[in-house]
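Undergrad: Take a look at target_26.cif, mmCIF, C-alpha atoms:
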data_upload
#
loop_
_atom_site.label_atom_id
_atom_site.label_comp_id
_atom_site.auth_asym_id
_atom_site.auth_seq_id
_atom_site.Cartn_x
_atom_site.Cartn_y
_atom_site.Cartn_z
CA MET A 1 1.38 32.32 -31.22
CA SER A 2 -1.98 32.58 -29.40
CA LEU A 3 -4.26 29.63 -28.81
CA PRO A 4 -7.13 31.01 -30.97
CA ARG A 5 -4.77 31.26 -33.94
CA LEU A 6 -3.47 27.75 -33.31
CA LEU A 7 -7.03 26.39 -33.24
CA LYS A 8 -7.57 27.82 -36.71
CA MET A 9 -4.68 25.77 -38.11
CA PRO A 10 -5.99 22.42 -39.51
CA GLY A 11 -2.69 20.67 -38.84
CA PHE A 12 -2.69 21.64 -35.16
CA VAL A 13 -6.32 20.61 -34.75
CA ARG A 14 -5.69 17.22 -36.38
CA PHE A 15 -2.69 16.71 -34.11
CA GLY A 16 -4.82 17.50 -31.04
CA VAL A 17 -7.55 15.12 -32.16
CA ALA A 18 -4.99 12.37 -32.77
CA ILE A 19 -3.52 12.86 -29.30
CA ASP A 20 -6.96 12.86 -27.65
CA THR A 21 -8.17 9.74 -29.46
CA ALA A 22 -4.95 7.69 -29.32
CA ALA A 23 -5.47 4.15 -28.06
CA GLU A 24 -5.18 3.93 -24.28
CA TRP A 25 -2.66 1.08 -24.42
CA ARG A 26 -0.25 3.31 -26.35
CA TRP A 27 -0.34 5.99 -23.67
CA LEU A 28 0.07 3.48 -20.85
CA ALA A 29 2.86 1.63 -22.66
CA LEU A 30 4.73 4.89 -23.30
CA LEU A 31 4.27 5.88 -19.67
CA ALA A 32 5.62 2.53 -18.47
CA VAL A 33 8.65 2.83 -20.76
CA ALA A 34 9.31 6.40 -19.58
CA LEU A 35 9.48 5.12 -15.99
CA TRP A 36 12.24 2.57 -16.72
CA PRO A 37 14.68 4.15 -14.18
CA THR A 38 12.06 3.55 -11.49
CA TRP A 39 11.56 -0.10 -12.51
CA TRP A 40 15.33 -0.65 -12.60
CA TRP A 41 15.86 0.78 -9.11
CA MET A 42 12.90 -1.13 -7.67
CA ALA A 43 14.07 -4.42 -9.20
CA ARG A 44 17.58 -3.99 -7.80
CA ARG A 45 16.28 -3.13 -4.33
CA MET A 46 14.00 -6.15 -4.26
CA LEU A 47 16.52 -8.61 -5.69
CA ASP A 48 19.51 -7.62 -3.57
CA GLY A 49 17.67 -8.54 -0.37
CA SER A 50 17.51 -5.00 1.03
CA ASP A 51 13.72 -4.99 1.03
CA ASP A 52 10.75 -7.34 0.86
CA PRO A 53 9.20 -7.81 -2.60
CA LEU A 54 5.62 -7.29 -1.38
CA GLY A 55 5.25 -4.34 -3.74
CA ILE A 56 4.86 -6.83 -6.58
CA LEU A 57 1.44 -7.73 -5.14
CA ALA A 58 0.31 -4.10 -5.35
CA LEU A 59 1.57 -3.80 -8.94
CA ALA A 60 -0.26 -7.03 -9.80
CA ALA A 61 -3.45 -5.64 -8.25
CA MET A 62 -3.19 -2.51 -10.41
CA ALA A 63 -2.61 -4.65 -13.50
CA SER A 64 -5.61 -6.80 -12.58
CA LEU A 65 -7.76 -3.70 -12.20
CA LEU A 66 -6.80 -2.59 -15.70
CA PHE A 67 -7.53 -6.06 -17.06
CA VAL A 68 -10.97 -6.25 -15.42
CA HIS A 69 -12.00 -2.90 -16.89
CA ARG A 70 -10.25 -3.36 -20.25
CA HIS A 71 -13.55 -3.25 -22.18
CA HIS A 72 -14.79 -0.13 -20.40
CA LEU A 73 -11.81 2.19 -20.62
CA ARG A 74 -12.43 5.79 -21.62
CA ALA A 75 -12.06 6.60 -25.30
CA ALA A 76 -10.85 10.07 -24.27
CA PRO A 77 -8.85 10.26 -21.02
CA ARG A 78 -9.47 12.69 -18.19
CA LEU A 79 -7.10 15.44 -19.18
CA GLY A 80 -6.27 16.60 -15.65
CA LEU A 81 -5.08 13.15 -14.61
CA GLN A 82 -3.28 12.61 -17.89
CA ALA A 83 -1.46 15.92 -17.51
CA ALA A 84 -0.52 14.96 -13.94
CA ALA A 85 0.81 11.60 -15.15
CA LEU A 86 2.96 13.25 -17.83
CA ALA A 87 4.23 15.95 -15.46
CA LEU A 88 5.20 13.41 -12.80
CA ALA A 89 6.90 11.22 -15.40
CA VAL A 90 8.96 14.19 -16.57
CA LEU A 91 9.88 15.06 -12.97
CA THR A 92 10.85 11.45 -12.32
CA THR A 93 13.32 11.57 -15.19
CA ALA A 94 14.60 15.10 -14.52
CA LEU A 95 15.16 14.58 -10.79
CA HIS A 96 16.52 11.04 -11.03
CA GLN A 97 19.97 12.06 -9.76
CA GLN A 98 18.82 14.99 -7.61
CA LEU A 99 16.49 13.45 -5.03
CA PRO A 100 16.53 10.24 -2.93
CA ASP A 101 15.67 7.19 -4.99
CA LEU A 102 12.63 6.34 -2.88
CA LEU A 103 11.12 9.79 -3.41
CA VAL A 104 11.78 9.64 -7.16
CA ALA A 105 10.20 6.19 -7.31
CA LEU A 106 7.17 7.52 -5.44
CA MET A 107 6.68 10.20 -8.09
CA GLY A 108 7.03 7.55 -10.78
CA LEU A 109 4.40 5.27 -9.27
CA LEU A 110 2.03 8.18 -8.65
CA SER A 111 2.50 8.98 -12.34
CA LEU A 112 1.50 5.42 -13.20
CA ALA A 113 -1.59 5.65 -10.98
CA ALA A 114 -2.62 8.94 -12.57
CA GLY A 115 -2.16 7.42 -16.03
CA LEU A 116 -4.37 4.46 -15.13
CA LEU A 117 -7.06 6.62 -13.53
CA ALA A 118 -7.15 8.84 -16.60
CA PHE A 119 -8.56 5.91 -18.59
CA LEU A 120 -10.42 3.88 -15.95
CA PRO A 121 -14.22 4.35 -15.78
CA ALA A 122 -15.72 6.85 -13.37
CA GLN A 123 -17.05 4.22 -10.93
CA VAL A 124 -13.51 3.18 -10.01
CA ALA A 125 -12.53 5.01 -6.82
CA THR A 126 -9.29 6.94 -7.09
CA ALA A 127 -8.11 6.74 -3.45
CA PRO A 128 -7.50 2.94 -3.39
CA VAL A 129 -5.56 3.19 -6.66
CA TRP A 130 -3.35 5.92 -5.21
CA GLY A 131 -2.92 3.69 -2.16
CA LEU A 132 -1.81 0.73 -4.27
CA SER A 133 0.71 2.91 -6.09
CA VAL A 134 2.32 3.86 -2.76
CA LEU A 135 2.26 0.25 -1.56
CA SER A 136 4.07 -0.77 -4.76
CA LEU A 137 7.20 0.91 -3.46
CA PRO A 138 9.93 -1.17 -1.81
CA LEU A 139 9.48 0.74 1.43
CA LEU A 140 9.22 -1.87 4.18
CA ALA A 141 12.89 -1.54 5.12
CA SER A 142 12.52 2.24 5.37
CA LEU A 143 9.36 1.93 7.44
CA GLN A 144 11.11 -0.55 9.73
CA PHE A 145 14.02 1.86 10.17
CA TYR A 146 11.95 4.97 10.92
CA ALA A 147 8.76 3.58 12.48
CA GLY A 148 9.78 0.13 13.69
CA PHE A 149 11.00 1.11 17.16
CA PRO A 150 8.03 3.34 18.08
CA LEU A 151 5.66 0.59 16.95
CA ARG A 152 7.56 -1.96 19.03
CA VAL A 153 7.31 0.29 22.10
CA VAL A 154 3.55 0.72 21.65
CA THR A 155 3.13 -3.02 21.10
CA ALA A 156 5.20 -3.83 24.18
CA GLU A 157 3.22 -1.40 26.34
CA LEU A 158 -0.18 -2.74 25.28
CA SER A 159 1.04 -6.33 25.60
CA ALA A 160 2.27 -5.54 29.12
CA TRP A 161 -1.24 -4.43 30.11
CA LEU A 162 -2.70 -7.72 28.89
CA LEU A 163 0.06 -9.88 30.36
CA SER A 164 -0.23 -8.17 33.77
CA VAL A 165 -3.50 -10.06 34.33
CA ALA A 166 -1.57 -13.29 34.89
CA HIS A 167 2.08 -12.21 35.15
CA THR A 168 4.30 -9.67 36.81
CA VAL A 169 5.39 -7.42 33.96
CA GLU A 170 7.69 -4.44 33.61
CA ARG A 171 8.43 -2.66 30.33
CA SER A 172 11.70 -0.93 29.42
CA GLY A 173 11.74 0.45 25.90
CA SER A 174 10.70 -2.39 23.61
CA SER A 175 11.69 -5.05 26.16
CA LEU A 176 9.46 -6.81 28.67
CA LEU A 177 10.49 -8.30 31.99
CA VAL A 178 7.88 -11.02 32.53
CA ASP A 179 8.13 -12.88 35.84
CA GLY A 180 11.81 -12.01 35.93
CA GLN A 181 12.44 -13.24 32.38
CA LEU A 182 13.67 -10.67 29.83
CA ILE A 183 11.83 -10.88 26.51
CA ILE A 184 12.65 -8.49 23.67
CA VAL A 185 10.00 -7.34 21.22
CA ASP A 186 12.21 -7.47 18.14
CA ALA A 187 11.88 -5.95 14.66
CA PRO A 188 9.63 -8.66 13.14
CA CYS A 189 7.16 -7.97 15.97
CA SER A 190 6.82 -4.27 15.08
CA GLY A 191 3.86 -5.05 12.82
CA VAL A 192 5.22 -3.25 9.74
CA GLN A 193 4.52 -6.19 7.44
CA MET A 194 1.09 -6.73 8.97
CA ALA A 195 0.32 -3.06 8.38
CA TRP A 196 1.37 -3.32 4.72
CA LEU A 197 -0.81 -6.39 4.19
CA GLY A 198 -3.70 -4.77 6.05
CA TYR A 199 -3.71 -1.64 3.92
CA PHE A 200 -3.20 -3.71 0.78
CA THR A 201 -6.28 -5.74 1.73
CA ALA A 202 -8.22 -2.53 2.33
CA CYS A 203 -7.34 -1.12 -1.11
CA ALA A 204 -8.02 -4.39 -2.93
CA VAL A 205 -11.38 -5.02 -1.23
CA ALA A 206 -12.48 -1.40 -1.76
CA LEU A 207 -11.84 -1.74 -5.49
CA ALA A 208 -13.43 -5.19 -5.71
CA THR A 209 -16.62 -3.98 -3.98
CA GLN A 210 -16.63 -0.62 -5.84
CA ARG A 211 -16.38 1.33 -2.60
CA ASN A 212 -16.33 5.10 -3.25
CA ASN A 213 -13.58 7.42 -2.03
CA ARG A 214 -15.51 8.78 0.94
CA ALA A 215 -16.45 5.37 2.30
CA PHE A 216 -12.91 4.07 1.76
CA LEU A 217 -11.24 6.98 3.54
CA LEU A 218 -13.69 6.90 6.46
CA ARG A 219 -12.82 3.23 7.08
CA LEU A 220 -9.04 3.65 6.92
CA PRO A 221 -8.68 4.53 10.64
CA VAL A 222 -10.42 1.23 11.48
CA VAL A 223 -7.80 -0.56 9.38
CA GLY A 224 -5.04 0.96 11.50
CA VAL A 225 -6.79 -0.04 14.73
CA LEU A 226 -7.30 -3.63 13.56
CA VAL A 227 -3.64 -3.92 12.56
CA LEU A 228 -2.47 -2.58 15.93
CA LEU A 229 -4.79 -4.89 17.89
CA GLY A 230 -3.75 -7.87 15.80
CA ASN A 231 -0.08 -7.17 16.33
CA VAL A 232 -0.60 -6.76 20.08
CA LEU A 233 -2.55 -10.03 20.21
CA ARG A 234 0.17 -11.91 18.34
CA ASN A 235 2.92 -10.49 20.53
CA THR A 236 0.99 -11.19 23.73
CA VAL A 237 0.38 -14.84 22.82
CA LEU A 238 4.03 -15.41 21.91
CA VAL A 239 5.40 -13.63 24.98
CA ALA A 240 2.96 -15.44 27.29
CA ALA A 241 4.02 -18.79 25.85
CA GLN A 242 7.69 -17.99 26.30
CA ALA A 243 7.19 -16.64 29.82
CA SER A 244 5.35 -19.85 30.75
CA GLY A 245 8.29 -21.96 29.61
CA GLN A 246 6.55 -23.17 26.45
CA HIS A 247 9.19 -22.28 23.90
CA LEU A 248 7.41 -22.34 20.58
CA GLY A 249 9.36 -23.62 17.60
CA ASN A 250 9.59 -21.75 14.34
CA VAL A 251 6.60 -23.58 12.83
CA ALA A 252 4.36 -22.81 15.80
CA HIS A 253 5.60 -19.22 15.87
CA GLN A 254 4.75 -18.76 12.19
CA THR A 255 1.39 -20.48 12.65
CA VAL A 256 0.37 -18.02 15.34
CA GLY A 257 1.47 -15.12 13.16
CA LEU A 258 -0.42 -16.38 10.11
CA ALA A 259 -3.56 -17.08 12.15
CA VAL A 260 -3.62 -13.54 13.56
CA LEU A 261 -2.83 -12.08 10.15
CA GLY A 262 -5.78 -14.01 8.72
CA LEU A 263 -8.06 -12.61 11.42
CA VAL A 264 -6.85 -9.06 10.80
CA CYS A 265 -7.20 -9.23 7.02
CA GLY A 266 -10.58 -10.92 7.39
CA GLY A 267 -11.76 -8.14 9.68
CA ILE A 268 -10.50 -5.49 7.27
CA SER A 269 -12.29 -7.21 4.39
CA TRP A 270 -15.51 -7.23 6.39
CA VAL A 271 -15.19 -3.56 7.32
CA MET A 272 -14.35 -2.45 3.78
CA GLY A 273 -17.00 -4.59 2.12
CA ARG A 274 -19.85 -3.81 4.52
CA ASN A 275 -22.05 -0.80 3.75
CA ALA A 276 -23.55 1.60 6.23
CA ARG A 277 -26.90 -0.24 6.43
CA GLY A 278 -25.37 -3.60 7.29
CA GLY A 279 -25.43 -5.12 3.81
CA ARG A 280 -22.67 -5.59 1.31
CA THR A 281 -21.97 -3.51 -1.74
CA ARG A 282 -22.84 -4.91 -5.12
#
Reformat the file's structure so that it appears as structure tokens.

TA:
Amino acid sequence: MSLPRLLKMPGFVRFGVAIDTAAEWRWLALLAVALWPTWWWMARRMLDGSDDPLGILALAAMASLLFVHRHHLRAAPRLGLQAAALALAVLTTALHQQLPDLLVALMGLLSLAAGLLAFLPAQVATAPVWGLSVLSLPLLASLQFYAGFPLRVVTAELSAWLLSVAHTVERSGSSLLVDGQLIIVDAPCSGVQMAWLGYFTACAVALATQRNNRAFLLRLPVVGVLVLLGNVLRNTVLVAAQASGQHLGNVAHQTVGLAVLGLVCGGISWVMGRNARGGRTR
């Protein structure tokens, strides 16, 4: 049956109007229920210790965004985003046993982001919301596996340049020979967690300051640079202390890491919140 004939049927028209004007919470609740395989897999991965539960922070940020704009949600959703949310939800269910769990979960969380954006007001930038949906994934273990070693090599090389000012340094892979003492740049020093927190800060600050998509995306490369420099600074300080015979205890080690993380996230907040003319967004 053709669309013009369907539009002449009162029952079909009433059904379409009911769908278009349904309360936003019903759509979002149905979408969340439809994604239960994704929630189940994510909960198991976080609780069994195979990954860090930082994704909960990103999910909380998305929930907070919805709460802040709860009185300004669209009465009629953006149909393109709503269609994308429904299509991705269907694919998540249909491909649950066909594709890797992480990829299926990615489709599910992109579906959730599309569903939220369909109802959020126009002034909310879409790019940071998409970013939070990706950061919601339990992906730190995967990032550590695939990107951890290259990041450690880069960190070791840049740290060697800085350390060479006061020490004799040679680099081999992710290891440093400092004044004859072998020091390994291990997995926690790859900067994967710092990168996650840096990009989370960027997304959260962009949404809080109502940064538009263009401004957000133009500042993302700066976020990566700040994370890399912060990780190199942390590694250099710790290696220099160890090479000098000042073996830092766990508390001191964590203090240095938290201090550098604070500087990095503070810098990212400043970059994301500052407008092109030197002021701050309102």

Undergrad: Given the file shown, enumerate the residues that the PyMOL selection byres ((chain A and resi 227-232) around 9) captures and present them as an NGL selection string.

TA: :A and (151 or 154-156 or 158-159 or 189-191 or 194-195 or 198-199 or 222-226 or 233-237 or 257 or 260-261 or 263-265 or 268)

Undergrad: To test your reading of the syntax: which residues would the PyMOL selection byres ((chain A and resi 174) around 6) return for the file shown? Reply as a compact mmCIF listing (two decimals) with C-alpha atoms, in the coordinates of the input.

TA:
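In the end it all went to selection32.txt:
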# COMPACT_ATOMS: atom_id res chain seq x y z
CA ARG A 152 7.56 -1.96 19.03
CA VAL A 153 7.31 0.29 22.10
CA ALA A 156 5.20 -3.83 24.18
CA GLY A 173 11.74 0.45 25.90
CA SER A 175 11.69 -5.05 26.16
CA VAL A 185 10.00 -7.34 21.22

Undergrad: Just give me the gap between CA of Thr126 in chain A and CA of Gln98 in chain A in Å, one decimal is fine.

TA: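 CA of Gln98 in chain A lies 29.2 Å from CA of Thr126 in chain A.
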
Undergrad: When you count all atoms listed in the file, which of these residues is closest to Val178 in chain A: A:Leu162, A:Ala94, A:Leu47, A:Leu65?

TA: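 With all atoms listed in the file as the atom set, the closest residue is A:Leu162.
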
Undergrad: Set up a box along x, y and z of the file covering all listed atoms of range 262-275 of chain A, add 6 Å on every one of the six sides, and write the centre and edge lengths in Å to one decimal, as lines of an AutoDock Vina configuration file.

TA:
center_x = -13.9
center_y = -7.4
center_z = 6.8
size_x = 28.3
size_y = 25.2
size_z = 21.3

Undergrad: Scan for residues within 9 Å of the point (-21.8, 1.3, -10.4) in the coordinates of the file, using all atoms listed in the file, and reply as a VMD selection string.

TA: chain A and resid 122 to 124 210 282

Undergrad: So which residues touch range 26-43 of chain A within 8 Å, counting all atoms listed in the file, skipping near sequence neighbours fewer than 6 positions away, as an NGL selection string?

TA: :A and (86 or 89 or 92-93 or 96 or 101 or 104-105 or 108 or 112 or 115-116 or 137-138)

Undergrad: The PyMOL selection byres ((chain A and resi 253) around 12) on the file shown: which residues, as a list of chain:residue names?

TA: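 That expression, the PyMOL selection byres ((chain A and resi 253) around 12), corresponds here to A:Pro188, A:Cys189, A:Arg234, A:Asn235, A:Val237, A:Leu238, A:Val239, A:Ala241, A:Gln242, A:Gln246, A:His247, A:Leu248, A:Gly249, A:Asn250, A:Val251, A:Ala252, A:Gln254, A:Thr255, A:Val256, A:Gly257, A:Leu258, A:Ala259, A:Val260.
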
Undergrad: From the options A:Leu59, A:Ala243, A:Ala204, A:Ala114, which residue's atoms come nearest to Ala87 in chain A, counting all atoms listed in the file?

TA: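 Nearest to Ala87 in chain A: A:Ala114.
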
Undergrad: Which one of A:Ala240, A:Leu99, A:Leu91, A:Val205 sits closest to Thr168 in chain A if you count only C-alpha atoms?

TA: A:Ala240

Undergrad: Write out as a list in words which residues come within 10 Å of His69 in chain A when counting only C-alpha atoms, dropping same-chain ones fewer than 6 positions away.

TA: Phe119, Leu120, Pro121 and Val124 of chain A

Undergrad: State, in Å with one decimal place, the distance from CA of Arg219 in chain A to CA of Ala58 in chain A.

TA: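 Taking CA of Arg219 in chain A and CA of Ala58 in chain A, their separation equals 19.5 Å.
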
Undergrad: For a test of reading the model, state the distance in Å between CA of Leu110 in chain A and CA of Leu95 in chain A, rounded to one decimal.

TA: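 Value for the CA of Leu110 in chain A-CA of Leu95 in chain A distance: 14.8 Å.
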
Undergrad: Env of Thr201 in chain A: 9 Å cut, atoms = all atoms listed in the file, seq-sep filter 5 positions within chain, self excluded. Answer as a list in words.

TA: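 In the requested format, the answer is Trp196, Ala206, Cys265, Gly266, Ile268, Ser269 and Met272 of chain A.
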
Undergrad: With distances taken over all atoms listed in the file, which residue among A:Pro100, A:Gly148, A:Cys203, A:Trp25 lies nearest Ser133 in chain A?

TA: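 When distances to Ser133 in chain A are compared using all atoms listed in the file, the smallest one comes from A:Cys203.
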
Undergrad: Check the smallest atom-to-atom distance from each of A:Ala141, A:Val165, A:Ala160, A:Ile183 to Arg45 in chain A using only C-alpha atoms, then report the winner.

TA: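 Of all the options, A:Ala141 lies closest to Arg45 in chain A.
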
Undergrad: Nearest residue to Leu217 in chain A out of A:Ala85, A:Ala113, A:Val271, A:Leu177, using all atoms listed in the file?

TA: A:Val271
